[in-house]
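Heads up, data-v4.cif below (mmCIF, C-alpha atoms):
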```cif
data_input
loop_
_atom_site.group_PDB
_atom_site.id
_atom_site.type_symbol
_atom_site.label_atom_id
_atom_site.label_comp_id
_atom_site.auth_asym_id
_atom_site.auth_seq_id
_atom_site.Cartn_x
_atom_site.Cartn_y
_atom_site.Cartn_z
ATOM 1 C CA MET A 570 -18.908 20.644 17.306
ATOM 2 C CA THR A 571 -17.027 17.550 16.152
ATOM 3 C CA LYS A 572 -14.254 16.484 18.501
ATOM 4 C CA ILE A 573 -10.822 16.449 16.877
ATOM 5 C CA THR A 574 -9.222 13.155 17.854
ATOM 6 C CA PRO A 575 -5.576 12.250 17.091
ATOM 7 C CA VAL A 576 -6.708 10.022 14.225
ATOM 8 C CA LYS A 577 -8.876 12.754 12.716
ATOM 9 C CA GLN A 578 -6.066 15.271 13.042
ATOM 10 C CA ILE A 579 -3.642 13.034 11.141
ATOM 11 C CA MET A 580 -6.277 12.342 8.488
ATOM 12 C CA HIS A 581 -6.845 16.063 7.923
ATOM 13 C CA GLU A 582 -3.149 16.962 8.041
ATOM 14 C CA ARG A 583 -2.192 14.364 5.459
ATOM 15 C CA LYS A 584 -1.806 15.981 2.056
ATOM 16 C CA SER A 585 -0.350 14.792 -1.218
ATOM 17 C CA VAL A 586 3.115 16.370 -1.243
ATOM 18 C CA ARG A 587 4.998 16.641 -4.533
ATOM 19 C CA LYS A 588 8.041 18.669 -3.476
ATOM 20 C CA TYR A 589 10.556 16.972 -1.195
ATOM 21 C CA ASN A 590 13.861 17.789 0.430
ATOM 22 C CA ALA A 591 16.205 15.620 -1.632
ATOM 23 C CA ASN A 592 18.806 15.641 1.161
ATOM 24 C CA THR A 593 16.527 13.982 3.720
ATOM 25 C CA THR A 594 17.138 10.292 4.284
ATOM 26 C CA ILE A 595 14.886 7.795 6.036
ATOM 27 C CA SER A 596 16.570 4.721 7.438
ATOM 28 C CA ARG A 597 15.597 1.325 6.138
ATOM 29 C CA GLU A 598 14.826 0.292 9.708
ATOM 30 C CA THR A 599 12.275 3.122 9.931
ATOM 31 C CA ILE A 600 10.641 2.112 6.662
ATOM 32 C CA MET A 601 10.558 -1.527 7.725
ATOM 33 C CA GLN A 602 8.812 -0.541 10.963
ATOM 34 C CA LEU A 603 6.360 1.624 9.028
ATOM 35 C CA LEU A 604 5.455 -1.223 6.696
ATOM 36 C CA GLU A 605 5.233 -3.751 9.509
ATOM 37 C CA ASP A 606 2.789 -1.513 11.356
ATOM 38 C CA ALA A 607 0.774 -0.993 8.168
ATOM 39 C CA THR A 608 0.275 -4.738 7.716
ATOM 40 C CA SER A 609 -2.421 -4.607 10.388
ATOM 41 C CA SER A 610 -4.593 -3.638 7.409
ATOM 42 C CA PRO A 611 -7.451 -6.027 6.586
ATOM 43 C CA SER A 612 -7.327 -8.161 3.454
ATOM 44 C CA SER A 613 -9.532 -10.692 1.722
ATOM 45 C CA SER A 614 -9.527 -13.871 3.856
ATOM 46 C CA ASN A 615 -6.407 -12.442 5.519
ATOM 47 C CA MET A 616 -4.379 -13.510 2.485
ATOM 48 C CA GLN A 617 -2.214 -10.349 2.726
ATOM 49 C CA PRO A 618 -1.479 -10.065 -1.016
ATOM 50 C CA TRP A 619 0.685 -6.955 -0.679
ATOM 51 C CA ARG A 620 4.394 -6.976 -1.417
ATOM 52 C CA PHE A 621 6.721 -3.973 -1.345
ATOM 53 C CA ILE A 622 9.823 -2.809 -3.153
ATOM 54 C CA VAL A 623 11.529 0.059 -1.343
ATOM 55 C CA ILE A 624 13.538 2.156 -3.781
ATOM 56 C CA ASP A 625 15.975 4.434 -1.954
ATOM 57 C CA ASP A 626 18.783 4.501 -4.515
ATOM 58 C CA LYS A 627 18.721 7.840 -6.379
ATOM 59 C CA GLU A 628 19.938 6.311 -9.629
ATOM 60 C CA ILE A 629 17.155 3.744 -9.599
ATOM 61 C CA GLN A 630 14.638 6.465 -8.716
ATOM 62 C CA GLN A 631 15.806 8.388 -11.786
ATOM 63 C CA ASN A 632 15.570 5.277 -13.931
ATOM 64 C CA ILE A 633 11.986 4.467 -12.979
ATOM 65 C CA ASN A 634 11.037 8.110 -13.524
ATOM 66 C CA ILE A 635 11.770 7.651 -17.221
ATOM 67 C CA PHE A 636 8.570 5.607 -17.524
ATOM 68 C CA SER A 637 6.701 7.430 -14.745
ATOM 69 C CA PHE A 638 5.970 10.666 -16.627
ATOM 70 C CA ASN A 639 8.981 12.482 -15.119
ATOM 71 C CA GLN A 640 7.349 13.339 -11.821
ATOM 72 C CA GLU A 641 9.701 15.446 -9.700
ATOM 73 C CA GLN A 642 8.800 13.699 -6.454
ATOM 74 C CA ILE A 643 10.011 10.329 -7.715
ATOM 75 C CA GLU A 644 13.582 11.627 -7.775
ATOM 76 C CA THR A 645 13.544 13.947 -4.745
ATOM 77 C CA ALA A 646 11.625 11.825 -2.223
ATOM 78 C CA SER A 647 13.673 9.959 0.372
ATOM 79 C CA ALA A 648 12.284 6.706 -1.003
ATOM 80 C CA ILE A 649 9.655 5.286 -3.289
ATOM 81 C CA ILE A 650 7.599 2.444 -1.904
ATOM 82 C CA ALA A 651 6.267 0.329 -4.758
ATOM 83 C CA VAL A 652 3.115 -1.473 -3.664
ATOM 84 C CA ILE A 653 2.895 -4.803 -5.445
ATOM 85 C CA GLY A 654 0.015 -7.284 -5.570
ATOM 86 C CA ASP A 655 0.729 -11.021 -5.447
ATOM 87 C CA THR A 656 -1.953 -12.949 -7.315
ATOM 88 C CA GLU A 657 -0.628 -16.197 -5.830
ATOM 89 C CA MET A 658 -1.063 -14.983 -2.255
ATOM 90 C CA TYR A 659 -3.247 -18.027 -1.545
ATOM 91 C CA LEU A 660 -0.144 -20.235 -1.517
ATOM 92 C CA ASN A 661 0.497 -18.851 1.966
ATOM 93 C CA ALA A 662 -2.994 -19.757 3.225
ATOM 94 C CA GLU A 663 -2.053 -22.759 5.362
ATOM 95 C CA GLU A 664 0.972 -20.951 6.826
ATOM 96 C CA ILE A 665 -1.175 -17.934 7.724
ATOM 97 C CA TYR A 666 -3.835 -19.995 9.460
ATOM 98 C CA ALA A 667 -1.269 -22.171 11.232
ATOM 99 C CA LYS A 668 0.178 -18.974 12.676
ATOM 100 C CA ASN A 669 -3.299 -18.074 13.950
ATOM 101 C CA VAL A 670 -3.280 -21.335 15.911
ATOM 102 C CA GLU A 671 0.204 -20.650 17.283
ATOM 103 C CA LEU A 672 -0.908 -17.215 18.473
ATOM 104 C CA GLY A 673 -4.029 -18.626 20.081
ATOM 105 C CA TYR A 674 -6.427 -16.832 17.759
ATOM 106 C CA MET A 675 -8.417 -19.932 16.765
ATOM 107 C CA PRO A 676 -8.565 -23.697 17.304
ATOM 108 C CA GLU A 677 -6.446 -25.873 15.048
ATOM 109 C CA GLU A 678 -9.388 -27.670 13.443
ATOM 110 C CA ILE A 679 -10.986 -24.377 12.360
ATOM 111 C CA ALA A 680 -7.707 -22.903 11.143
ATOM 112 C CA SER A 681 -6.881 -26.039 9.170
ATOM 113 C CA LYS A 682 -10.251 -25.967 7.416
ATOM 114 C CA LEU A 683 -10.021 -22.249 6.651
ATOM 115 C CA GLY A 684 -6.518 -22.643 5.275
ATOM 116 C CA LYS A 685 -7.484 -25.505 2.974
ATOM 117 C CA ASP A 686 -10.707 -23.765 1.898
ATOM 118 C CA SER A 687 -8.844 -20.539 1.082
ATOM 119 C CA LEU A 688 -6.230 -22.390 -0.934
ATOM 120 C CA ALA A 689 -8.890 -24.234 -2.901
ATOM 121 C CA MET A 690 -11.072 -21.184 -3.505
ATOM 122 C CA TYR A 691 -8.463 -18.628 -4.546
ATOM 123 C CA SER A 692 -6.518 -21.064 -6.715
ATOM 124 C CA SER A 693 -9.649 -21.716 -8.756
ATOM 125 C CA ILE A 694 -10.925 -18.212 -9.435
ATOM 126 C CA PRO A 695 -10.062 -16.308 -12.662
ATOM 127 C CA LYS A 696 -6.977 -14.098 -12.843
ATOM 128 C CA GLU A 697 -9.150 -11.022 -13.388
ATOM 129 C CA ALA A 698 -10.936 -11.628 -10.084
ATOM 130 C CA LEU A 699 -7.607 -12.091 -8.315
ATOM 131 C CA LEU A 700 -6.404 -8.793 -9.766
ATOM 132 C CA ASN A 701 -9.481 -7.046 -8.412
ATOM 133 C CA ILE A 702 -8.819 -8.496 -4.967
ATOM 134 C CA VAL A 703 -5.144 -7.531 -4.824
ATOM 135 C CA HIS A 704 -5.874 -4.011 -6.073
ATOM 136 C CA PHE A 705 -8.534 -3.499 -3.426
ATOM 137 C CA ASP A 706 -6.341 -4.837 -0.631
ATOM 138 C CA ALA A 707 -3.377 -2.783 -1.844
ATOM 139 C CA GLY A 708 -5.526 0.339 -1.578
ATOM 140 C CA LEU A 709 -6.384 -0.458 2.033
ATOM 141 C CA ILE A 710 -2.781 -0.888 3.133
ATOM 142 C CA SER A 711 -1.565 2.093 1.102
ATOM 143 C CA MET A 712 -3.857 4.388 3.041
ATOM 144 C CA GLN A 713 -2.520 2.991 6.298
ATOM 145 C CA ILE A 714 1.051 3.589 5.133
ATOM 146 C CA MET A 715 0.289 7.218 4.341
ATOM 147 C CA LEU A 716 -1.398 7.890 7.680
ATOM 148 C CA LEU A 717 1.322 6.140 9.662
ATOM 149 C CA ALA A 718 3.987 8.051 7.728
ATOM 150 C CA LYS A 719 2.273 11.326 8.608
ATOM 151 C CA GLU A 720 2.195 10.312 12.267
ATOM 152 C CA MET A 721 5.961 9.730 12.029
ATOM 153 C CA GLY A 722 6.463 13.223 10.617
ATOM 154 C CA TYR A 723 6.868 12.301 6.957
ATOM 155 C CA ASP A 724 4.819 13.230 3.920
ATOM 156 C CA THR A 725 3.679 11.071 1.034
ATOM 157 C CA VAL A 726 1.963 11.088 -2.318
ATOM 158 C CA PRO A 727 0.365 8.071 -4.028
ATOM 159 C CA MET A 728 1.032 7.687 -7.760
ATOM 160 C CA GLY A 729 -0.831 5.397 -10.095
ATOM 161 C CA GLY A 730 0.444 7.168 -13.187
ATOM 162 C CA PHE A 731 3.372 5.083 -14.367
ATOM 163 C CA ASP A 732 3.949 2.452 -17.006
ATOM 164 C CA LYS A 733 3.307 -0.677 -14.994
ATOM 165 C CA SER A 734 4.508 -3.053 -17.702
ATOM 166 C CA LYS A 735 7.857 -1.279 -17.993
ATOM 167 C CA PHE A 736 8.171 -1.095 -14.210
ATOM 168 C CA ALA A 737 7.551 -4.837 -13.912
ATOM 169 C CA GLU A 738 10.117 -5.505 -16.613
ATOM 170 C CA TYR A 739 12.716 -3.195 -15.055
ATOM 171 C CA MET A 740 12.241 -4.748 -11.613
ATOM 172 C CA GLU A 741 12.130 -8.261 -13.088
ATOM 173 C CA LEU A 742 8.874 -9.075 -11.321
ATOM 174 C CA PRO A 743 7.580 -12.650 -11.587
ATOM 175 C CA SER A 744 4.314 -13.106 -13.473
ATOM 176 C CA ASN A 745 2.288 -13.416 -10.258
ATOM 177 C CA GLU A 746 3.375 -9.980 -8.999
ATOM 178 C CA VAL A 747 1.691 -6.875 -10.426
ATOM 179 C CA PRO A 748 2.737 -3.276 -9.703
ATOM 180 C CA ILE A 749 -0.182 -1.264 -8.358
ATOM 181 C CA LEU A 750 1.017 1.988 -6.809
ATOM 182 C CA LEU A 751 4.130 4.053 -6.179
ATOM 183 C CA LEU A 752 4.260 5.923 -2.864
ATOM 184 C CA ALA A 753 6.775 8.739 -2.477
ATOM 185 C CA ILE A 754 7.823 9.346 1.133
ATOM 186 C CA GLY A 755 10.038 12.043 2.577
ATOM 187 C CA GLU A 756 10.236 15.521 4.093
ATOM 188 C CA ALA A 757 8.110 18.173 2.407
ATOM 189 C CA ALA A 758 10.121 21.009 0.835
ATOM 190 C CA GLY A 759 7.067 23.228 0.661
ATOM 191 C CA PRO A 760 3.404 23.318 1.653
ATOM 192 C CA ALA A 761 0.977 21.077 -0.172
ATOM 193 C CA TYR A 762 -2.122 22.468 -1.778
ATOM 194 C CA GLY A 763 -5.371 21.960 0.043
ATOM 195 C CA SER A 764 -8.136 20.131 -1.782
ATOM 196 C CA SER A 765 -11.871 20.634 -1.591
ATOM 197 C CA ARG A 766 -14.429 17.900 -1.053
ATOM 198 C CA LEU A 767 -17.946 17.546 -2.408
ATOM 199 C CA PRO A 768 -20.734 18.082 0.159
ATOM 200 C CA ILE A 769 -21.385 14.869 2.055
ATOM 201 C CA GLU A 770 -25.120 15.239 1.391
ATOM 202 C CA ARG A 771 -24.447 14.621 -2.305
ATOM 203 C CA LEU A 772 -22.473 11.478 -1.610
ATOM 204 C CA VAL A 773 -24.609 9.629 0.932
ATOM 205 C CA ARG A 774 -28.075 8.182 0.825
ATOM 206 C CA PHE A 775 -29.791 5.991 3.383
ATOM 207 C CA ASN A 776 -32.033 3.052 2.645
ATOM 208 C CA LYS A 777 -35.712 3.988 2.632
#
```

Step by step, read the file and then write its structure as structure tokens.
Amino acid sequence: MTKITPVKQIMHERKSVRKYNANTTISRETIMQLLEDATSSPSSSNMQPWRFIVIDDKEIQQNINIFSFNQEQIETASAIIAVIGDTEMYLNAEEIYAKNVELGYMPEEIASKLGKDSLAMYSSIPKEALLNIVHFDAGLISMQIMLLAKEMGYDTVPMGGFDKSKFAEYMELPSNEVPILLLAIGEAAGPAYGSSRLPIERLVRFNK
């Protein structure tokens, strides 16, 4: 029998909740702590391309719902966390690696080389490749946000179904920032549906 660890329990308890108690508020300090904890997520070359817009104003939630297919949870959740990808994340490369030196994670000569190499590499690759990278990394941190939120007693639902161009225009995002996902967070107003999974034997194969 598989042992149920705390991590496994949270993973299995997390469900996509679409009905929220509209009167529940989550402090900005709590959300900041949640996002700070989530940034332990891995990313390509540790470039950390994620950016967040926390939308906790009900009027703004209603406004973005106009181009988000009128999903009830966008208006009733305590907040919407917009996960944004920065395609110019490499501009922080030298700062990131200098911080690694300060924290004692690596020698200065190695960090300096890695910082310069990362800046040179990412600044030269096509925009399409950068978009793939930021989308992948955004997925990693989004999952961490949802699990951490569940551990804190809150529910979430990830939403990719919204007009990203209109969202970017409404939020006046710079050209290097692309909206990737909206995460509703709050207190469930009702049970979420369970969801089945395909048999693992159909999904896995081992090398011969």

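Residues captured in this structure file are A:Ser585, A:Ile633, A:Asn634, A:Phe636, A:Ser637, A:Phe638, A:Ser711, A:Met715, A:Thr725, A:Val726, A:Asp732, A:Lys733, A:Ser734, A:Lys735, A:Phe736, A:Ile749, A:Leu750, A:Leu751, A:Leu752, A:Ala753, according to the PyMOL selection byres ((chain A and resi 727-731) around 9).
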
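Across A:Gln602, A:Thr574, A:Asn776, A:Ser614, the tightest approach to Met690 in chain A is made by A:Ser614 when counting all atoms listed in the file.
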
- Query: For the atom pair CA of Leu603 in chain A and CA of Glu644 in chain A, what is the interatomic distance in Å to one decimal place?
  - Reply: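 About the pair CA of Leu603 in chain A and CA of Glu644 in chain A: they are 20.8 Å apart.
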
- Shortest interatomic distance to Pro611 in chain A - which of A:Glu697, A:Asp625, A:Met712, A:Ala761, counting all atoms listed in the file: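 Nearest to Pro611 in chain A: A:Met712.
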
- Item | Residues matched by the PyMOL selection byres ((chain A and resi 647-655) around 8) as JSON, numbers by chain | {"A": [589, 590, 591, 592, 593, 594, 595, 618, 619, 620, 621, 622, 623, 624, 625, 626, 630, 643, 645, 646, 656, 657, 658, 700, 703, 704, 707, 711, 745, 746, 747, 748, 749, 750, 751, 752, 753, 754, 755, 756]}

Take every atom of range 738-747 of chain A listed in the file, pad by 8 Å on each side, and give me the axis-aligned box centre and edge lengths in Å, one decimal, as AutoDock Vina command-line options.
```
--center_x 7.2 --center_y -8.3 --center_z -12.8 --size_x 27.0 --size_y 26.2 --size_z 23.6
```

- Query: Using all atoms listed in the file, which residue out of A:Ser612, A:Asn701, A:Ser744, A:Gln713 lies closest to Arg583 in chain A?
  - Reply: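 Using all atoms listed in the file, the shortest distance to Arg583 in chain A belongs to A:Gln713.
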
Report as an mmCIF file with C-alpha atoms, in the coordinates of the input all protein, DNA and RNA residues lying within 10 Å of Thr599 in chain A, evaluated on all atoms listed in the file, omitting residues in the same chain fewer than 6 positions from it.
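Listed below is the output, selection-v8.cif:
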```
data_model
loop_
_atom_site.group_PDB
_atom_site.id
_atom_site.type_symbol
_atom_site.label_atom_id
_atom_site.label_comp_id
_atom_site.auth_asym_id
_atom_site.auth_seq_id
_atom_site.Cartn_x
_atom_site.Cartn_y
_atom_site.Cartn_z
ATOM 1 C CA GLU A 605 5.233 -3.751 9.509
ATOM 2 C CA ALA A 718 3.987 8.051 7.728
ATOM 3 C CA MET A 721 5.961 9.730 12.029
#
```

- Message: Can you translate the PyMOL selection byres ((chain A and resi 662) around 8) into the concrete residues it hits in this file, as a list of chain:residue names?
- Response: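 Listing what the PyMOL selection byres ((chain A and resi 662) around 8) selects in the shown file: A:Met616, A:Met658, A:Tyr659, A:Leu660, A:Asn661, A:Glu663, A:Glu664, A:Ile665, A:Tyr666, A:Gly684, A:Lys685, A:Ser687, A:Leu688.
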
- Mind checking which residues fall within 12 Å of range 576-578 of chain A, counting all atoms listed in the file, ignoring those fewer than 2 positions away in the same chain, and posting them as a VMD selection string? chain A and resid 571 to 574 580 to 584 713 716 to 717 719 to 720

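Atom pair CA of Ser610 in chain A / CA of Phe705 in chain A: separated by 11.5 Å.
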
- Compare A:Ile769, A:Val670, A:Ile579, A:Ile710 by their minimum atom-to-atom distance to Thr608 in chain A, counting only C-alpha atoms, and give me the closest one.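 Comparing A:Ile769, A:Val670, A:Ile579, A:Ile710 against Thr608 in chain A, the winner is A:Ile710.
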
- Message: Can you measure CA of Tyr723 in chain A to CA of Ala757 in chain A for me? One decimal in Å is fine.
- Response: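 Interatomic distance, CA of Tyr723 in chain A to CA of Ala757 in chain A: 7.5 Å.
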
Please reconstruct the missing atoms of range 758-776 of chain A (target: N, CA and C atoms) and return them as an mmCIF file, in the frame of the given file.
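Generated file (part-v7.cif):
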```cif
data_model
loop_
_atom_site.group_PDB
_atom_site.id
_atom_site.type_symbol
_atom_site.label_atom_id
_atom_site.label_comp_id
_atom_site.auth_asym_id
_atom_site.auth_seq_id
_atom_site.Cartn_x
_atom_site.Cartn_y
_atom_site.Cartn_z
ATOM 1 N N ALA A 758 9.277 19.838 1.065
ATOM 2 C CA ALA A 758 10.121 21.009 0.835
ATOM 3 C C ALA A 758 9.279 22.265 0.670
ATOM 4 N N GLY A 759 7.993 22.107 0.783
ATOM 5 C CA GLY A 759 7.067 23.228 0.661
ATOM 6 C C GLY A 759 5.678 22.768 1.005
ATOM 7 N N PRO A 760 4.773 23.700 1.278
ATOM 8 C CA PRO A 760 3.404 23.318 1.653
ATOM 9 C C PRO A 760 2.658 22.662 0.498
ATOM 10 N N ALA A 761 1.817 21.730 0.840
ATOM 11 C CA ALA A 761 0.977 21.077 -0.172
ATOM 12 C C ALA A 761 -0.289 21.887 -0.357
ATOM 13 N N TYR A 762 -0.849 21.801 -1.545
ATOM 14 C CA TYR A 762 -2.122 22.468 -1.778
ATOM 15 C C TYR A 762 -3.227 21.764 -1.006
ATOM 16 N N GLY A 763 -4.173 22.545 -0.526
ATOM 17 C CA GLY A 763 -5.371 21.960 0.043
ATOM 18 C C GLY A 763 -6.246 21.442 -1.090
ATOM 19 N N SER A 764 -7.230 20.639 -0.751
ATOM 20 C CA SER A 764 -8.136 20.131 -1.782
ATOM 21 C C SER A 764 -9.550 20.083 -1.228
ATOM 22 N N SER A 765 -10.482 20.566 -2.040
ATOM 23 C CA SER A 765 -11.871 20.634 -1.591
ATOM 24 C C SER A 765 -12.534 19.276 -1.673
ATOM 25 N N ARG A 766 -13.649 19.134 -1.009
ATOM 26 C CA ARG A 766 -14.429 17.900 -1.053
ATOM 27 C C ARG A 766 -15.879 18.242 -1.383
ATOM 28 N N LEU A 767 -16.529 17.356 -2.109
ATOM 29 C CA LEU A 767 -17.946 17.546 -2.408
ATOM 30 C C LEU A 767 -18.753 17.464 -1.122
ATOM 31 N N PRO A 768 -19.895 18.156 -1.047
ATOM 32 C CA PRO A 768 -20.734 18.082 0.159
ATOM 33 C C PRO A 768 -21.158 16.639 0.437
ATOM 34 N N ILE A 769 -21.081 16.249 1.696
ATOM 35 C CA ILE A 769 -21.385 14.869 2.055
ATOM 36 C C ILE A 769 -22.825 14.502 1.702
ATOM 37 N N GLU A 770 -23.716 15.501 1.707
ATOM 38 C CA GLU A 770 -25.120 15.239 1.391
ATOM 39 C C GLU A 770 -25.303 14.745 -0.039
ATOM 40 N N ARG A 771 -24.363 15.081 -0.910
ATOM 41 C CA ARG A 771 -24.447 14.621 -2.305
ATOM 42 C C ARG A 771 -23.854 13.234 -2.479
ATOM 43 N N LEU A 772 -23.181 12.748 -1.478
ATOM 44 C CA LEU A 772 -22.473 11.478 -1.610
ATOM 45 C C LEU A 772 -23.137 10.332 -0.867
ATOM 46 N N VAL A 773 -24.033 10.664 0.049
ATOM 47 C CA VAL A 773 -24.609 9.629 0.932
ATOM 48 C C VAL A 773 -26.113 9.565 0.759
ATOM 49 N N ARG A 774 -26.626 8.365 0.730
ATOM 50 C CA ARG A 774 -28.075 8.182 0.825
ATOM 51 C C ARG A 774 -28.349 6.978 1.715
ATOM 52 N N PHE A 775 -29.408 7.056 2.463
ATOM 53 C CA PHE A 775 -29.791 5.991 3.383
ATOM 54 C C PHE A 775 -30.897 5.150 2.763
ATOM 55 N N ASN A 776 -30.949 3.902 3.133
ATOM 56 C CA ASN A 776 -32.033 3.052 2.645
ATOM 57 C C ASN A 776 -33.366 3.611 3.120
#
```
